[in-house]
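A.B. asks: Provided herewith: work_8.txt, compact mmCIF, C-alpha atoms (C1' of nucleotides).
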```txt
# COMPACT_ATOMS: atom_id res chain seq x y z
CA MET A 16 -34.55 45.86 98.60
CA PRO A 17 -35.13 43.66 95.51
CA SER A 18 -38.22 45.61 94.47
CA ALA A 19 -36.45 48.94 94.73
CA LEU A 20 -33.66 47.73 92.50
CA THR A 21 -35.90 45.86 90.09
CA PRO A 22 -39.30 47.59 89.95
CA ASP A 23 -40.24 45.72 86.77
CA ALA A 24 -39.31 42.21 87.89
CA ILE A 25 -41.71 39.57 86.58
CA THR A 26 -43.48 37.52 89.26
CA PRO A 27 -44.14 33.76 89.36
CA ASN A 28 -47.86 34.56 89.31
CA TRP A 29 -47.58 36.20 85.87
CA LEU A 30 -45.85 33.07 84.60
CA SER A 31 -48.47 30.72 86.07
CA ARG A 32 -50.31 30.36 82.79
CA CYS A 33 -50.20 27.96 79.84
CA ALA A 34 -46.77 28.04 78.14
CA THR A 35 -48.39 28.85 74.80
CA GLU A 36 -49.79 31.99 76.40
CA VAL A 37 -46.62 33.01 78.21
CA ALA A 38 -44.26 32.44 75.26
CA PRO A 39 -45.52 35.33 73.10
CA ASP A 40 -45.97 37.52 76.18
CA LEU A 41 -42.29 37.10 77.01
CA LEU A 42 -41.24 38.71 73.73
CA GLY A 43 -39.96 42.17 74.58
CA CYS A 44 -39.34 41.28 78.20
CA VAL A 45 -35.77 41.45 79.47
CA LEU A 46 -33.58 38.63 80.72
CA VAL A 47 -31.14 39.95 83.30
CA ARG A 48 -28.02 38.18 84.50
CA GLN A 49 -25.82 39.28 87.35
CA LEU A 50 -22.47 37.49 87.31
CA PRO A 51 -20.78 36.39 90.52
CA ASP A 52 -18.50 39.44 90.26
CA GLY A 53 -21.51 41.79 90.24
CA GLN A 54 -21.47 42.58 86.54
CA ILE A 55 -24.95 42.88 85.01
CA LEU A 56 -25.91 41.76 81.50
CA ARG A 57 -29.29 42.50 79.93
CA GLY A 58 -31.00 41.31 76.76
CA VAL A 59 -34.44 41.79 75.23
CA ILE A 60 -36.17 38.47 74.48
CA VAL A 61 -36.96 38.26 70.76
CA GLU A 62 -37.64 34.55 70.23
CA THR A 63 -39.39 31.88 72.35
CA GLU A 64 -40.88 28.39 72.10
CA ALA A 65 -43.55 26.73 74.27
CA TYR A 66 -43.39 23.17 75.61
CA THR A 67 -46.47 21.73 77.28
CA PRO A 68 -47.75 18.53 78.90
CA GLY A 69 -48.98 16.11 76.25
CA ASP A 70 -46.40 17.53 73.87
CA PRO A 71 -44.05 14.79 72.56
CA ALA A 72 -41.26 17.35 72.18
CA CYS A 73 -41.42 18.34 75.85
CA HIS A 74 -38.66 16.90 78.07
CA ALA A 75 -41.33 16.10 80.65
CA TYR A 76 -43.51 14.21 78.15
CA ARG A 77 -42.73 10.67 79.30
CA ARG A 78 -42.26 10.95 83.03
CA ARG A 79 -40.74 12.91 85.85
CA THR A 80 -36.95 12.46 86.13
CA ALA A 81 -34.16 14.15 88.06
CA ARG A 82 -33.48 16.47 85.12
CA ASN A 83 -37.01 17.58 84.28
CA ALA A 84 -38.36 17.64 87.86
CA VAL A 85 -38.31 21.44 88.02
CA MET A 86 -40.82 21.62 85.16
CA PHE A 87 -43.36 19.86 87.37
CA GLY A 88 -43.05 22.53 90.03
CA PRO A 89 -44.41 26.09 90.25
CA ALA A 90 -43.78 28.75 87.61
CA GLY A 91 -40.89 31.17 87.68
CA TRP A 92 -38.02 28.73 88.08
CA ALA A 93 -35.16 28.12 85.66
CA TYR A 94 -34.86 24.89 83.72
CA VAL A 95 -31.40 24.65 82.13
CA TYR A 96 -30.12 21.59 80.31
CA LEU A 97 -27.03 20.60 78.36
CA ILE A 98 -27.50 19.80 74.68
CA TYR A 99 -25.07 18.00 72.36
CA GLY A 100 -22.50 17.99 75.12
CA MET A 101 -21.51 21.60 74.58
CA TYR A 102 -24.38 24.06 74.69
CA HIS A 103 -26.87 24.98 77.36
CA CYS A 104 -30.52 25.90 76.81
CA PHE A 105 -32.46 28.15 79.17
CA ASN A 106 -36.16 27.72 79.93
CA VAL A 107 -38.66 29.52 82.14
CA VAL A 108 -40.95 27.12 83.99
CA THR A 109 -44.60 28.03 83.43
CA ASP A 110 -48.15 27.08 84.45
CA LEU A 111 -49.55 25.80 87.75
CA ASP A 112 -47.67 23.63 90.21
CA GLY A 113 -47.98 20.06 88.96
CA VAL A 114 -48.36 21.01 85.29
CA PRO A 115 -45.01 20.26 83.57
CA SER A 116 -44.36 22.99 81.01
CA ALA A 117 -41.82 25.63 80.10
CA VAL A 118 -40.84 28.32 77.61
CA LEU A 119 -37.49 27.99 75.85
CA VAL A 120 -35.85 31.39 75.39
CA ARG A 121 -34.17 31.11 71.99
CA ALA A 122 -32.73 34.57 71.33
CA LEU A 123 -31.90 37.89 72.94
CA GLU A 124 -31.07 41.31 71.63
CA LEU A 125 -28.18 42.35 73.87
CA GLU A 126 -27.85 45.95 75.03
CA ALA A 127 -24.08 45.74 75.02
CA LEU A 128 -21.39 43.20 74.30
CA PRO A 129 -20.52 41.37 77.51
CA PRO A 130 -17.11 42.81 78.49
CA TRP A 131 -15.77 39.38 79.39
CA LEU A 132 -16.65 38.19 75.88
CA ASP A 133 -15.39 41.28 74.10
CA SER A 134 -11.75 40.31 74.01
CA ARG A 135 -12.31 36.86 72.58
CA LEU A 136 -14.68 37.77 69.76
CA ASP A 137 -13.89 38.72 66.21
CA PRO A 138 -15.56 42.14 65.75
CA LYS A 139 -15.91 41.54 62.03
CA ARG A 140 -17.83 38.32 62.39
CA ASP A 141 -19.41 38.51 65.85
CA LYS A 142 -21.74 41.46 65.51
CA LEU A 143 -23.58 42.47 68.70
CA HIS A 144 -27.00 41.50 67.41
CA ARG A 145 -25.87 37.94 66.61
CA VAL A 146 -24.06 37.16 69.86
CA ALA A 147 -27.22 35.88 71.60
CA ALA A 148 -29.13 34.78 68.48
CA GLY A 149 -29.80 31.15 69.39
CA PRO A 150 -30.52 29.21 72.60
CA GLY A 151 -26.96 27.90 72.97
CA LYS A 152 -25.39 31.22 72.11
CA LEU A 153 -27.47 33.23 74.58
CA CYS A 154 -26.50 30.91 77.42
CA ARG A 155 -22.86 31.28 76.47
CA ALA A 156 -23.20 35.07 76.34
CA LEU A 157 -24.88 35.32 79.77
CA GLN A 158 -22.82 32.52 81.35
CA ILE A 159 -25.87 30.39 82.03
CA ASP A 160 -25.07 26.76 82.84
CA LEU A 161 -26.34 23.79 84.85
CA SER A 162 -25.56 25.54 88.13
CA LEU A 163 -28.62 27.73 87.48
CA THR A 164 -31.17 25.03 86.79
CA MET A 165 -33.79 24.45 89.46
CA THR A 166 -33.34 27.93 90.90
CA PRO A 167 -36.06 30.57 91.17
CA LEU A 168 -35.74 33.49 88.75
CA ALA A 169 -35.03 36.32 91.15
CA PRO A 170 -32.45 39.10 91.53
CA GLY A 171 -30.91 37.32 94.50
CA GLN A 172 -30.21 34.29 92.31
CA GLY A 173 -28.32 36.23 89.66
CA LEU A 174 -30.92 35.57 86.94
CA TRP A 175 -34.35 37.14 86.54
CA LEU A 176 -36.91 38.62 84.15
CA GLU A 177 -38.22 42.17 83.76
CA ARG A 178 -41.32 43.48 82.02
CA ARG A 179 -41.38 45.11 78.62
CA SER A 180 -40.12 48.65 78.47
CA PRO A 181 -42.73 51.33 77.69
CA LYS A 182 -40.88 51.93 74.44
CA PHE A 183 -41.22 48.32 73.30
CA GLN A 184 -44.92 48.26 74.24
CA THR A 185 -45.54 51.50 72.36
CA GLN A 186 -43.83 50.18 69.25
CA LEU A 187 -45.88 47.01 69.52
CA ASP A 188 -49.14 48.91 69.92
CA SER A 189 -48.38 51.16 66.97
CA GLY A 190 -47.53 48.26 64.70
CA ALA A 191 -43.89 49.25 64.38
CA LEU A 192 -43.07 45.87 65.90
CA THR A 193 -44.94 42.67 65.03
CA PHE A 194 -44.82 39.05 66.19
CA VAL A 195 -44.59 35.97 64.00
CA GLN A 196 -45.97 32.60 65.14
CA THR A 197 -44.61 29.51 63.44
CA THR A 198 -43.34 25.95 64.03
CA ARG A 199 -40.56 25.07 66.46
CA ILE A 200 -36.97 24.37 65.43
CA GLY A 201 -34.79 21.26 65.58
CA LEU A 202 -37.44 18.80 66.77
CA THR A 203 -37.89 15.15 65.77
CA GLN A 204 -41.33 14.95 67.38
CA GLY A 205 -44.13 17.44 67.65
CA ALA A 206 -42.51 19.53 64.92
CA ASP A 207 -45.90 20.45 63.49
CA ARG A 208 -47.10 22.49 66.48
CA PRO A 209 -46.89 26.25 65.80
CA TRP A 210 -45.48 27.14 69.18
CA ARG A 211 -42.55 29.35 68.24
CA TRP A 212 -42.81 33.12 68.36
CA TYR A 213 -40.36 35.84 67.35
CA VAL A 214 -40.18 39.57 66.76
CA ALA A 215 -40.35 40.00 62.99
CA GLU A 216 -38.32 43.21 62.94
CA SER A 217 -35.47 41.94 65.13
CA ASN A 218 -32.14 41.01 63.56
CA SER A 219 -31.27 38.87 66.60
CA VAL A 220 -33.67 36.01 65.84
CA SER A 221 -31.93 32.63 65.42
CA LYS A 222 -33.63 31.74 62.14
CA ARG A 223 -36.27 33.24 59.92
C1' DT B 20 -23.61 -1.14 83.13
C1' DG B 21 -23.74 0.38 78.43
C1' DA B 22 -25.35 2.35 74.24
C1' DA B 23 -28.02 5.62 71.66
C1' DG B 24 -29.38 10.14 70.90
C1' DG B 25 -30.34 15.12 71.53
C1' DA B 26 -35.21 21.90 72.06
C1' DT B 27 -27.16 23.40 68.78
C1' DT B 28 -23.59 25.55 66.42
C1' DT B 29 -19.94 25.86 63.26
C1' DG B 30 -17.21 25.02 59.44
C1' DT B 31 -16.54 22.17 55.00
C1' DC C 8 -23.79 17.90 55.41
C1' DA C 9 -20.97 16.20 59.37
C1' DA C 10 -18.32 16.86 63.57
C1' DA C 11 -17.83 18.24 68.35
C1' DT C 12 -18.88 16.32 73.06
C1' DC C 13 -21.31 14.69 77.39
C1' DC C 14 -25.43 14.22 80.07
C1' DT C 15 -29.81 11.77 80.29
C1' DT C 16 -32.65 8.07 79.36
C1' DC C 17 -33.83 3.54 78.51
C1' DA C 18 -32.82 -1.10 77.55
C1' DC C 19 -30.51 -5.43 79.05
```
Kindly present the structure from the file in structure tokens form.
C.D. replies:
Amino acid sequence: MPSALTPDAITPNWLSRCATEVAPDLLGCVLVRQLPDGQILRGVIVETEAYTPGDPACHAYRRRTARNAVMFGPAGWAYVYLIYGMYHCFNVVTDLDGVPSAVLVRALELEALPPWLDSRLDPKRDKLHRVAAGPGKLCRALQIDLSLTMTPLAPGQGLWLERRSPKFQTQLDSGALTFVQTTRIGLTQGADRPWRWYVAESNSVSKR
DNA sequence: TGAAGGATTTGT
DNA sequence: CAAATCCTTCAC
């Protein structure tokens, strides 16, 4: 049943690689959210950051805690945390079981404005391509919160990933789309590591 | 048990 | 550039 509905769903095995490898590979892939009421929201990933063991910026750098425990487990699970008391950030756990690492999904290009959001946004200021441009904003747009952390990314869980569309891959192969690799944003430690990737041509990236 | 601070966002 | 706002972590 799940495979018939989601033929392009990404498997844990594909994510069981170093976060610095998975992060650029996730660009162009689709984050899909199914709300409790059945409504489905989709967005193309256009910006990611990698966090690895031995990385002072990684939440699992010091030791295993209740919050970061999921990062120590197998790939393909969601790691969601609350930042500054008001925004959530969504990560995909990567690498082998026992290797604490993850990819922060920082921005999505939404296919359509979430209907539930539509009524409360100012159409002049909240343009579609900016609604999920930023890790906190994308979680707000897809209604991702702490209830989703430590859950496997799968259709049955209401949150999952799908592979790049043939169109995206073609544009990438032809050079119509290009990736930029640069340093990560907002860090006080490990800010020098060039582990942020984004789609240069996208207007949904959080910052240039 | 408490205090400090954060992988953000927004408005001044 | 500072505020909003609360969970997590670490120190006492």
A.B. asks: Choose the residue, out of A:Asp52, A:Asp141, A:Glu64, A:Asp23, that has the smallest atom-to-atom separation from chain B; count all atoms listed in the file.
C.D. replies: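 Of A:Asp52, A:Asp141, A:Glu64, A:Asp23, the one nearest chain B is A:Glu64, counting all atoms listed in the file.
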A.B. asks: Determine, counting all atoms listed in the file, which protein, DNA and RNA residues have an atom within 10 Å of an atom of range 20-25 of chain B; residues of the same chain fewer than 3 positions away are not included. Present the result as a VMD selection string.
C.D. replies: (chain A and resid 97 to 100 201 to 203) or (chain C and resid 14 to 19)
A.B. asks: Kindly provide, as a PDB file with C-alpha atoms (C1' of nucleotides), in the coordinates of the input, the residues of chain B having any atom no farther than 9 Å from an atom of chain A, counting only C-alpha atoms (C1' of nucleotides).
C.D. replies:
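See part-v4.pdb below for the written result:
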```pdb
ATOM      1  C1'  DG B  25     -30.340  15.120  71.530  1.00  0.00           C
ATOM      2  C1'  DA B  26     -35.210  21.900  72.060  1.00  0.00           C
ATOM      3  C1'  DT B  27     -27.160  23.400  68.780  1.00  0.00           C
ATOM      4  C1'  DT B  28     -23.590  25.550  66.420  1.00  0.00           C
TER       5       DT B  28
END
```
A.B. asks: Expressed in Å to a single decimal, how great is the separation between CA of Gly43 in chain A and CA of Gln204 in chain A?
C.D. replies: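 Distance reported for this atom pair: 28.2 Å.
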A.B. asks: From the list A:Val146, A:Ala81, A:Ala117, A:Gln196, which residue is nearest chain C when using all atoms listed in the file?
C.D. replies: A:Ala81
A.B. asks: Residues at most 12 Å from DT31 in chain B, counting only C-alpha atoms (C1' of nucleotides), excluding those fewer than 5 positions away in the same chain, as a short mmCIF file (atom, residue, chain, number, x, y, z; two decimals) with C-alpha atoms (C1' of nucleotides), in the frame of the given file?
C.D. replies:
```cif
data_model
loop_
_atom_site.label_atom_id
_atom_site.label_comp_id
_atom_site.auth_asym_id
_atom_site.auth_seq_id
_atom_site.Cartn_x
_atom_site.Cartn_y
_atom_site.Cartn_z
"C1'" DC C 8 -23.79 17.90 55.41
"C1'" DA C 9 -20.97 16.20 59.37
"C1'" DA C 10 -18.32 16.86 63.57
#
```
A.B. asks: Just checking: using all atoms listed in the file, which residue out of A:Ala122, A:Leu161, A:Ala215, A:Val59 ends up closest to chain C?
C.D. replies: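 When distances to chain C are compared using all atoms listed in the file, the smallest one comes from A:Leu161.
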A.B. asks: May I ask for the distance between CA of Pro209 in chain A and CA of Ala90 in chain A, given in Å to one decimal place?
C.D. replies: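 For CA of Pro209 in chain A relative to CA of Ala90 in chain A, the distance reads 22.2 Å.
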A.B. asks: Which value, in Å to one decimal, gives the distance between CA of Thr67 in chain A and CA of Val108 in chain A?
C.D. replies: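 These two atoms are separated by 10.2 Å.
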